[in-house]
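Notes follow once the structure below has been shown.
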Amino acid sequence: MKVLARTALFTMIAPGTLSVLLPLLIESDRRETGRVGLGLALCLFALGAGVYLRSAWDFARLGKGTPAPIDAPTLLVTQGFYRYTRNPMYVAVLTVVSGWAVLFGSVVLAVYAVALLAMFSLFIRRYEEPRLVREFGDEYAEYMERVGRWLPRRRGRKRI
């Protein structure tokens, strides 16, 4: 199966479940918050989807792999949104979940977003970053110094 097809399959299973299916199952009331909430939610959905799709594309095209840990890129991807954050796909999923929380005015979905952030952070710190340091060595270590885990760094600011 081609890398883009594997990427699409993974996207439907993992990020699709976390950012679309589970929020809709969690929020059974589904009252919209009005026009302003709808507008903000649509912006968050578009931003999250755009960042995710571009980042997954970069993984497939530049990294020769997929977002799935068992089919990860063989080349380090530092282009696209990876110039600004080491984890744009996780940020994208959290952005979409935040869109659902805004759309439905849901505290429960906001708590779900915070729980996802905690789980993602734990997974990244305990599994992904150590694996990437082992796999890419100094190249990844330098990338970690230059690019923030979640948010872009100001120019010249070193990791603490």
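By order of appearance in the structure tokens: chains A, B, ..., then residues from 1 within every chain, and ligands from 1 in the order shown.
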Which polymer residues have any atom within 9 Å of an atom of range 92-95 of chain A, counting only C-alpha atoms, with same-chain residues fewer than 2 positions away left out, as a count of residues only? 24
So that I can check the secondary structure, give me every residue of chain A assigned helix (DSSP H, G or I) by backbone DSSP, as a ChimeraX atom specification. /A:3-13,15-26,35-61,69-71,80-83,88-104,107-136,138-146
Show which residues sit within 10 Å of Met144 in chain A, as an NGL selection string. Count only C-alpha atoms, and ignore same-chain residues fewer than 3 positions away. :A and (85-86 or 129 or 133 or 138-141 or 147-149 or 158-159)
Dump as a compact mmCIF listing (two decimals), in the first residue's frame, selection limited to C-alpha atoms:
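This went into part.txt:
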```
# COMPACT_ATOMS: atom_id res chain seq x y z
CA THR A 85 6.70 23.14 16.40
CA ARG A 86 8.01 19.61 16.75
CA GLU A 129 11.56 11.95 21.72
CA VAL A 133 17.17 10.93 19.54
CA ASP A 138 22.66 14.98 16.77
CA GLU A 139 20.34 16.06 13.97
CA TYR A 140 17.30 15.64 16.23
CA ALA A 141 19.07 17.03 19.29
CA VAL A 147 12.17 24.24 17.68
CA GLY A 148 9.68 24.15 20.58
CA ARG A 149 7.77 21.03 21.50
CA LYS A 158 17.43 28.46 23.65
CA ARG A 159 15.69 25.51 25.24
```
Quick one: everything within 9 Å of Leu38 in chain A, counting only C-alpha atoms, minus sequence neighbours fewer than 5 positions away in the same chain. Send it as number ranges by chain. A: 32-33, 43, 99, 102-104
Per residue of range 76-119 of chain A within 8 Å of range 53-68 of chain A, what are the shortest atom pair and its distance in Å to one decimal, counting only C-alpha atoms, with rows by chain and residue number, as CSV?
```
residue,atom,partner,partner_atom,distance
A:Leu76,CA,A:Gly63,CA,6.0
A:Val77,CA,A:Gly63,CA,5.6
A:Gln79,CA,A:Asp58,CA,7.5
A:Gly80,CA,A:Ser55,CA,6.9
A:Phe81,CA,A:Ser55,CA,6.5
A:Tyr82,CA,A:Ser55,CA,7.5
A:Pro88,CA,A:Ser55,CA,6.8
A:Met89,CA,A:Ser55,CA,6.4
```
Dump C-alpha atoms for the selected residues as a short mmCIF file (atom, residue, chain, number, x, y, z; two decimals), in the first residue's frame?
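The resulting file, part-v6.cif, is shown below:
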```cif
data_model
loop_
_atom_site.label_atom_id
_atom_site.label_comp_id
_atom_site.auth_asym_id
_atom_site.auth_seq_id
_atom_site.Cartn_x
_atom_site.Cartn_y
_atom_site.Cartn_z
CA LEU A 76 13.66 13.68 9.83
CA VAL A 77 10.99 16.17 8.73
CA GLN A 79 9.94 21.62 6.89
CA GLY A 80 6.40 22.98 6.75
CA PHE A 81 4.84 23.38 10.18
CA TYR A 82 7.72 21.37 11.63
CA PRO A 88 2.11 20.04 14.67
CA MET A 89 -0.15 17.01 14.24
#
```
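Between CA of Arg153 in chain A and CA of Tyr84 in chain A the interatomic distance comes to 7.4 Å.
Using only C-alpha atoms, the nearest neighbour of Ser121 in chain A within the list A:Ala72, A:Phe136, A:Val91, A:Gly105 is A:Val91.
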Just checking: using only C-alpha atoms, which residue out of A:Glu128, A:Glu27, A:Glu135, A:Asp71 ends up closest to Phe10 in chain A?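 Comparing A:Glu128, A:Glu27, A:Glu135, A:Asp71 against Phe10 in chain A, the winner is A:Asp71.
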